[in-house]
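Worksheet: the structure to be examined is printed underneath.
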Amino acid sequence: MAEGAKGLGAVENGVLVVEDDRIAFAGAASDCPPVLTDGAETMDCEGRWITPGLIDCHTHLVWAGNRAKEFEMRLAGASYEEVSRAGGGIVSSVKGVRGASEDQLVAETLPRLDTLIAEGVTTIEVKSGYGLDTESEMKSLRAARRLSEERDVAVTTTFLGAHALPPEAQGDKAAYITKVCEEMLPAVAAENLADAVDGFCEGIAFSPDEMARVFDAAKARGLPVKLHAEQLSDLSGAELAARYGALSADHLEYLSEAGAKAMANSGTVAVLLPGAFYFIRETKLPPVDLMRTKGVPIALATDCNPGTSPLTSLLLTMNMAATFFRMTVEECLLGVTRNAAKALGKADEIGTLEAGKRADFCLWDIEEPAELVYRIGFNPLHRRVRGGR
């Protein structure tokens, strides 16, 4: 075991055996049954490290255009809420998505996806939430589904209709949430376009009561839920998410002790998003020590989106988490593998190198795992394998 790798289950002189698209064995060469390797095609990894394929468990990858102007506004001192209330923020992406064809959305998204794949990402979650009407939300989700046809990557999709209030709603949140629950979500579910349902629980978005309505509608259709919670204030969104057995609660800068306890009890994963923390110049750190104390599993993701985290590097995300949030190397690596898989409800399929799981893994030109977190702007990926290919 290399120094600093304690707790990651590191194995030196290891063997990884793949049959079809599954891992047949992962462990020390001395423990590998000869029957698994007799006559098998072999590859000498020449001392390289092998990790599970990386998982980006929170992105808004499908959009059209950009929001560079808002970046300029923030440089001039505007806050996230001020940008949003001035007509920017999430709603400013709606016009681009509504005006783009499905083909255009796919074409604009692929370069972002390619950058993530080039750093070892084998599974990615993609949310809707920039259409905010039935047709545009479904178009975004169809585009997201197509990404796995265009590239060798596993894509999970999340319906995020309750992301923001569209202009035509004229401030009527209750009526819009009714539309999300009674029109949009049923249409999405009927076409099997979403693997989960998400929402934004915040003062500038939707209240816990409004989100509870969305969660009830999701549960009625057998869809798991997750929640953007406690990013800008504490509305007890994490407790709401835990009450519904959510896969994850994400952001969590203002997470309370009660929220952390509830998440630990429900098994809800905390997904931290250092790219957004950095990009909007947040100063409130998520309470990582509290999460550790309560036993809340922590995942990391890029939160790739046009307004608050135009980030397409999961390696840089880990460095940010270590630098800003004081997370350890072990926590960062588990955050983009094992715990990221839990945040997608796929821990039985991906996230660790174990017999029976899908053969998604990466070979790295590194001497120790800490290099994956330590380096900035350097990609040591030697080879990426997904499903044994």
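Just so we're on the same page: first chain in the structure tokens is A, next is B, and so on; residues restart at 1 for each chain, and ligands are numbered from 1 in the order they show up.
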
Residues of stretch 166-260 of chain A within 9 Å of stretch 341-347 of chain A: nearest atom pair and distance (Å, one decimal) for each, counting only C-alpha atoms, sorted by chain and number, as a Markdown table?
```
| residue | atom | partner | partner_atom | distance |
| --- | --- | --- | --- | --- |
| A:Asp195 | CA | A:Leu344 | CA | 9.0 |
| A:Ala196 | CA | A:Leu344 | CA | 8.6 |
| A:Pro224 | CA | A:Gly345 | CA | 8.6 |
| A:Lys226 | CA | A:Ala343 | CA | 8.7 |
| A:Ala246 | CA | A:Ala343 | CA | 9.0 |
| A:Leu247 | CA | A:Ala343 | CA | 5.3 |
| A:Ser248 | CA | A:Ala343 | CA | 5.4 |
| A:Ala249 | CA | A:Ala343 | CA | 8.8 |
```

With N, CA, C and O atoms kept, could you save the residues just selected as a short mmCIF file (atom, residue, chain, number, x, y, z; two decimals), in the first residue's frame?
```cif
data_model
loop_
_atom_site.label_atom_id
_atom_site.label_comp_id
_atom_site.auth_asym_id
_atom_site.auth_seq_id
_atom_site.Cartn_x
_atom_site.Cartn_y
_atom_site.Cartn_z
N ASP A 195 -34.28 9.24 -14.41
CA ASP A 195 -33.97 8.23 -13.41
C ASP A 195 -34.23 8.73 -11.99
O ASP A 195 -34.22 7.95 -11.04
N ALA A 196 -34.41 10.05 -11.85
CA ALA A 196 -34.65 10.65 -10.53
C ALA A 196 -35.28 12.02 -10.73
O ALA A 196 -35.32 12.55 -11.85
N PRO A 224 -36.89 7.98 -7.51
CA PRO A 224 -36.15 8.50 -6.35
C PRO A 224 -35.96 10.00 -6.47
O PRO A 224 -36.05 10.57 -7.56
N LYS A 226 -33.83 13.75 -5.09
CA LYS A 226 -32.63 14.41 -4.56
C LYS A 226 -32.94 15.88 -4.49
O LYS A 226 -33.98 16.33 -5.01
N ALA A 246 -34.12 10.60 0.25
CA ALA A 246 -33.46 11.09 -0.96
C ALA A 246 -32.11 10.43 -1.17
O ALA A 246 -31.39 10.11 -0.21
N LEU A 247 -31.76 10.23 -2.44
CA LEU A 247 -30.42 9.73 -2.76
C LEU A 247 -29.36 10.69 -2.27
O LEU A 247 -28.34 10.27 -1.72
N SER A 248 -29.59 11.98 -2.46
CA SER A 248 -28.59 12.97 -2.06
C SER A 248 -29.24 14.31 -1.74
O SER A 248 -30.36 14.61 -2.17
N ALA A 249 -28.51 15.10 -0.97
CA ALA A 249 -28.79 16.53 -0.80
C ALA A 249 -27.49 17.23 -1.19
O ALA A 249 -26.41 16.82 -0.75
#
```

Notebook entry, point to check: Excluding same-chain residues fewer than 5 positions from A:Ala212, what lies within 12 Å of it counting only C-alpha atoms, as an NGL selection string?
Noted result: :A and (162 or 177-178 or 181 or 197-201 or 206-207 or 217-219 or 225-227 or 236-244 or 246)

Item checked: Non-local contacts of A:Ser93 (9 Å; only C-alpha atoms; under 2 positions in same chain excluded) as a ChimeraX atom specification -> /A:63-67,88-91,95-98,130-131,306-307

Write the selection just made, keeping N, CA and C atoms, as an mmCIF file, in the first residue's frame?
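To be explicit, this is the file written out as part_6.cif:
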```
data_model
loop_
_atom_site.group_PDB
_atom_site.id
_atom_site.type_symbol
_atom_site.label_atom_id
_atom_site.label_comp_id
_atom_site.auth_asym_id
_atom_site.auth_seq_id
_atom_site.Cartn_x
_atom_site.Cartn_y
_atom_site.Cartn_z
ATOM 1 N N TRP A 63 -27.034 22.474 -22.054
ATOM 2 C CA TRP A 63 -27.532 23.847 -22.185
ATOM 3 C C TRP A 63 -27.092 24.412 -23.524
ATOM 4 N N ALA A 64 -27.591 25.604 -23.834
ATOM 5 C CA ALA A 64 -27.211 26.296 -25.069
ATOM 6 C C ALA A 64 -26.729 27.699 -24.713
ATOM 7 N N GLY A 65 -25.722 28.183 -25.441
ATOM 8 C CA GLY A 65 -25.196 29.513 -25.183
ATOM 9 C C GLY A 65 -24.284 29.533 -23.970
ATOM 10 N N ASN A 66 -24.154 30.714 -23.352
ATOM 11 C CA ASN A 66 -23.332 30.844 -22.153
ATOM 12 C C ASN A 66 -23.830 32.010 -21.313
ATOM 13 N N ARG A 67 -23.257 32.158 -20.129
ATOM 14 C CA ARG A 67 -23.657 33.252 -19.236
ATOM 15 C C ARG A 67 -22.431 34.030 -18.773
ATOM 16 N N GLY A 88 -31.136 37.436 -14.328
ATOM 17 C CA GLY A 88 -30.094 36.504 -14.729
ATOM 18 C C GLY A 88 -30.313 35.162 -14.082
ATOM 19 N N GLY A 89 -29.222 34.488 -13.808
ATOM 20 C CA GLY A 89 -29.334 33.196 -13.155
ATOM 21 C C GLY A 89 -29.931 32.137 -14.063
ATOM 22 N N ILE A 90 -30.619 31.207 -13.437
ATOM 23 C CA ILE A 90 -31.146 30.043 -14.146
ATOM 24 C C ILE A 90 -32.054 30.444 -15.297
ATOM 25 N N VAL A 91 -32.913 31.438 -15.060
ATOM 26 C CA VAL A 91 -33.893 31.816 -16.072
ATOM 27 C C VAL A 91 -33.222 32.330 -17.343
ATOM 28 N N LYS A 95 -34.104 30.803 -22.329
ATOM 29 C CA LYS A 95 -34.306 31.245 -23.713
ATOM 30 C C LYS A 95 -33.445 30.425 -24.670
ATOM 31 N N GLY A 96 -32.186 30.191 -24.305
ATOM 32 C CA GLY A 96 -31.300 29.425 -25.169
ATOM 33 C C GLY A 96 -31.768 28.001 -25.370
ATOM 34 N N VAL A 97 -32.182 27.340 -24.287
ATOM 35 C CA VAL A 97 -32.621 25.952 -24.385
ATOM 36 C C VAL A 97 -33.929 25.848 -25.164
ATOM 37 N N ARG A 98 -34.845 26.759 -24.879
ATOM 38 C CA ARG A 98 -36.128 26.707 -25.591
ATOM 39 C C ARG A 98 -35.942 26.947 -27.089
ATOM 40 N N TYR A 130 -33.411 23.742 -17.437
ATOM 41 C CA TYR A 130 -33.243 24.983 -18.184
ATOM 42 C C TYR A 130 -34.312 25.142 -19.265
ATOM 43 N N GLY A 131 -35.327 24.282 -19.232
ATOM 44 C CA GLY A 131 -36.442 24.414 -20.161
ATOM 45 C C GLY A 131 -37.639 25.049 -19.485
ATOM 46 N N PRO A 306 -23.870 26.558 -16.810
ATOM 47 C CA PRO A 306 -23.385 27.772 -17.471
ATOM 48 C C PRO A 306 -23.258 28.996 -16.592
ATOM 49 N N GLY A 307 -23.903 28.998 -15.414
ATOM 50 C CA GLY A 307 -23.948 30.230 -14.638
ATOM 51 C C GLY A 307 -23.102 30.270 -13.396
#
```

Note to self: I'd like the contact shell of A:Leu333 - 9 Å cut-off, only C-alpha atoms, skipping same-chain residues fewer than 5 positions apart - returned as a PyMOL selection string.
What the structure shows: chain A and resi 8+54+299-300+318+328+338+369-370+372-373

Note to self: From a backbone DSSP assignment, name each residue in stretch 104-261 of chain A labelled strand (DSSP E), as JSON, numbers by chain.
What the structure shows: {"A": [121, 122, 123, 124, 125, 126, 127, 154, 155, 156, 157, 158, 159, 160, 161, 162, 196, 197, 198, 199, 200, 201, 226, 227, 228, 229, 248, 249, 250, 251]}

Using only N, CA and C atoms, please write the residues we just selected to a file, as a tab-separated table (two decimals), in the first residue's frame.
```tsv
chain	number	residue	atom	x	y	z
A	121	VAL	N	-13.85	10.05	-16.55
A	121	VAL	CA	-15.26	9.89	-16.15
A	121	VAL	C	-15.90	8.79	-16.99
A	122	THR	N	-16.53	7.84	-16.31
A	122	THR	CA	-17.23	6.74	-16.99
A	122	THR	C	-18.74	6.79	-16.77
A	123	THR	N	-19.18	7.51	-15.74
A	123	THR	CA	-20.61	7.68	-15.46
A	123	THR	C	-20.85	9.14	-15.12
A	124	ILE	N	-21.94	9.68	-15.67
A	124	ILE	CA	-22.26	11.08	-15.41
A	124	ILE	C	-23.76	11.26	-15.23
A	125	GLU	N	-24.14	12.09	-14.29
A	125	GLU	CA	-25.54	12.46	-14.11
A	125	GLU	C	-25.77	13.78	-14.84
A	126	VAL	N	-26.92	13.89	-15.53
A	126	VAL	CA	-27.27	15.11	-16.25
A	126	VAL	C	-28.69	15.51	-15.88
A	127	LYS	N	-28.84	16.75	-15.41
A	127	LYS	CA	-30.16	17.26	-15.02
A	127	LYS	C	-30.76	18.11	-16.13
A	154	ALA	N	-21.79	6.09	-19.39
A	154	ALA	CA	-23.10	5.84	-18.79
A	154	ALA	C	-23.68	7.17	-18.34
A	155	VAL	N	-24.93	7.43	-18.72
A	155	VAL	CA	-25.60	8.68	-18.37
A	155	VAL	C	-26.85	8.37	-17.56
A	156	THR	N	-26.97	9.00	-16.40
A	156	THR	CA	-28.23	8.97	-15.66
A	156	THR	C	-28.85	10.36	-15.77
A	157	THR	N	-30.17	10.39	-15.91
A	157	THR	CA	-30.85	11.67	-16.12
A	157	THR	C	-31.75	12.00	-14.93
A	158	THR	N	-31.85	13.29	-14.65
A	158	THR	CA	-32.63	13.78	-13.53
A	158	THR	C	-33.54	14.90	-13.99
A	159	PHE	N	-34.84	14.78	-13.69
A	159	PHE	CA	-35.81	15.82	-14.01
A	159	PHE	C	-35.76	16.91	-12.95
A	160	LEU	N	-35.44	18.12	-13.38
A	160	LEU	CA	-35.29	19.26	-12.46
A	160	LEU	C	-36.23	20.39	-12.88
A	161	GLY	N	-37.49	20.04	-13.08
A	161	GLY	CA	-38.46	21.07	-13.45
A	161	GLY	C	-38.60	22.15	-12.39
A	162	ALA	N	-38.46	21.75	-11.11
A	162	ALA	CA	-38.56	22.71	-10.01
A	162	ALA	C	-37.20	23.34	-9.73
A	196	ALA	N	-34.41	10.05	-11.85
A	196	ALA	CA	-34.65	10.65	-10.53
A	196	ALA	C	-35.28	12.02	-10.73
A	197	VAL	N	-35.73	12.60	-9.63
A	197	VAL	CA	-36.36	13.93	-9.64
A	197	VAL	C	-35.65	14.81	-8.62
A	198	ASP	N	-35.34	16.04	-9.03
A	198	ASP	CA	-34.59	16.97	-8.19
A	198	ASP	C	-35.37	18.28	-8.08
A	199	GLY	N	-34.91	19.16	-7.20
A	199	GLY	CA	-35.49	20.49	-7.07
A	199	GLY	C	-34.53	21.42	-6.36
A	200	PHE	N	-34.83	22.71	-6.43
A	200	PHE	CA	-33.99	23.74	-5.81
A	200	PHE	C	-34.77	24.33	-4.66
A	201	CYS	N	-34.39	23.98	-3.44
A	201	CYS	CA	-35.07	24.47	-2.24
A	201	CYS	C	-34.29	25.65	-1.68
A	226	LYS	N	-33.83	13.75	-5.09
A	226	LYS	CA	-32.63	14.41	-4.56
A	226	LYS	C	-32.94	15.88	-4.49
A	227	LEU	N	-32.08	16.67	-3.86
A	227	LEU	CA	-32.44	18.06	-3.62
A	227	LEU	C	-31.23	18.98	-3.55
A	228	HIS	N	-31.32	20.13	-4.26
A	228	HIS	CA	-30.41	21.25	-4.04
A	228	HIS	C	-30.84	21.90	-2.72
A	229	ALA	N	-30.01	21.86	-1.72
A	229	ALA	CA	-30.44	22.30	-0.39
A	229	ALA	C	-29.34	23.08	0.33
A	248	SER	N	-29.59	11.98	-2.46
A	248	SER	CA	-28.59	12.97	-2.06
A	248	SER	C	-29.24	14.31	-1.74
A	249	ALA	N	-28.51	15.10	-0.97
A	249	ALA	CA	-28.79	16.53	-0.80
A	249	ALA	C	-27.49	17.23	-1.19
A	250	ASP	N	-27.60	18.28	-2.00
A	250	ASP	CA	-26.42	18.82	-2.68
A	250	ASP	C	-26.21	20.30	-2.37
A	251	HIS	N	-24.96	20.71	-2.34
A	251	HIS	CA	-24.45	22.03	-1.95
A	251	HIS	C	-24.17	22.04	-0.46
```

Next item on the list: Do a neighbour search on A:Phe25 at 10 Å with only C-alpha atoms, toss out local chain neighbours closer than 3 positions, and write the hits as JSON, numbers by chain.
Entry: {"A": [15, 16, 17, 18, 19, 22, 28, 29, 31, 32, 33, 36, 37, 353, 354, 355, 356, 357]}

Using only C-alpha atoms, please write the residues we just selected to a file, as a PDB file, in the first residue's frame.
```
ATOM      1  CA  VAL A  15      -4.650  -8.296 -10.536  1.00  0.00           C
ATOM      2  CA  LEU A  16      -7.891  -7.157 -12.149  1.00  0.00           C
ATOM      3  CA  VAL A  17      -9.715  -9.851 -14.121  1.00  0.00           C
ATOM      4  CA  VAL A  18     -12.469  -8.840 -16.529  1.00  0.00           C
ATOM      5  CA  GLU A  19     -14.969 -11.186 -18.161  1.00  0.00           C
ATOM      6  CA  ARG A  22     -17.881  -7.396 -15.506  1.00  0.00           C
ATOM      7  CA  ALA A  28      -3.697  -9.350  -4.776  1.00  0.00           C
ATOM      8  CA  ALA A  29      -2.150 -11.502  -7.483  1.00  0.00           C
ATOM      9  CA  ASP A  31      -5.115 -14.475  -4.114  1.00  0.00           C
ATOM     10  CA  CYS A  32      -6.321 -14.766  -7.708  1.00  0.00           C
ATOM     11  CA  PRO A  33      -7.631 -18.256  -8.610  1.00  0.00           C
ATOM     12  CA  LEU A  36      -9.538 -17.034 -13.921  1.00  0.00           C
ATOM     13  CA  THR A  37      -6.269 -16.242 -15.667  1.00  0.00           C
ATOM     14  CA  LEU A 353     -13.409  -2.481  -8.001  1.00  0.00           C
ATOM     15  CA  GLU A 354     -15.239  -5.604  -6.870  1.00  0.00           C
ATOM     16  CA  ALA A 355     -16.245  -8.878  -8.468  1.00  0.00           C
ATOM     17  CA  GLY A 356     -19.620  -8.616 -10.126  1.00  0.00           C
ATOM     18  CA  LYS A 357     -19.527  -4.886 -10.751  1.00  0.00           C
TER      19      LYS A 357
END
```

Note to self: Could you go through stretch 217-361 of chain A and tell me which residues DSSP, when run on the backbone, assigns to helix (DSSP H, G or I), listing them as a ChimeraX atom specification?
What the structure shows: /A:217-220,237-243,257-266,274-279,288-294,314-325,329-335,338-343

Notebook entry, point to check: Near A:Ala359, within 7 Å and counting only C-alpha atoms, which residues show up once chain neighbours fewer than 3 positions away are dropped, as JSON, numbers by chain?
Noted result: {"A": [18, 21, 22, 23, 386, 387, 388]}

Notebook entry, point to check: Quick one: distance from atom CA of A:Leu363 to atom CA of A:Ala10 in Å, one decimal?
Noted result: 13.7 Å

Give me, as a short mmCIF file (atom, residue, chain, number, x, y, z; two decimals) with C-alpha atoms, in the first residue's frame, all polymer residues having an atom no more than 8 Å from stretch 280-287 of chain A, counting only C-alpha atoms and skipping those fewer than 4 positions away in the same chain.
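Full text of part.cif as output:
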```
data_model
loop_
_atom_site.label_atom_id
_atom_site.label_comp_id
_atom_site.auth_asym_id
_atom_site.auth_seq_id
_atom_site.Cartn_x
_atom_site.Cartn_y
_atom_site.Cartn_z
CA ARG A 74 -20.20 39.15 -10.29
CA SER A 79 -24.19 38.55 -5.57
CA TYR A 80 -25.78 35.33 -6.84
CA HIS A 251 -24.45 22.03 -1.95
CA LEU A 252 -25.15 22.15 1.84
CA GLU A 253 -23.05 25.18 2.80
CA TYR A 254 -25.65 26.04 5.45
CA LEU A 255 -26.34 22.50 6.64
CA LEU A 272 -20.45 18.95 -2.23
CA ALA A 276 -19.95 26.61 -7.44
CA MET A 291 -20.73 15.51 8.28
CA THR A 308 -22.34 29.18 -11.38
CA PHE A 324 -11.28 24.96 0.19
CA PHE A 325 -13.12 22.34 2.25
#
```

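Atom pair atom CA of A:Arg326 / atom CA of A:Asp114 has a distance of 29.0 Å (rounded to one decimal).
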
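Distances to A:Glu150 were evaluated for A:Glu12, A:Asp44, A:Asp103, A:Asp289 using only C-alpha atoms, and the minimum falls at A:Asp103.
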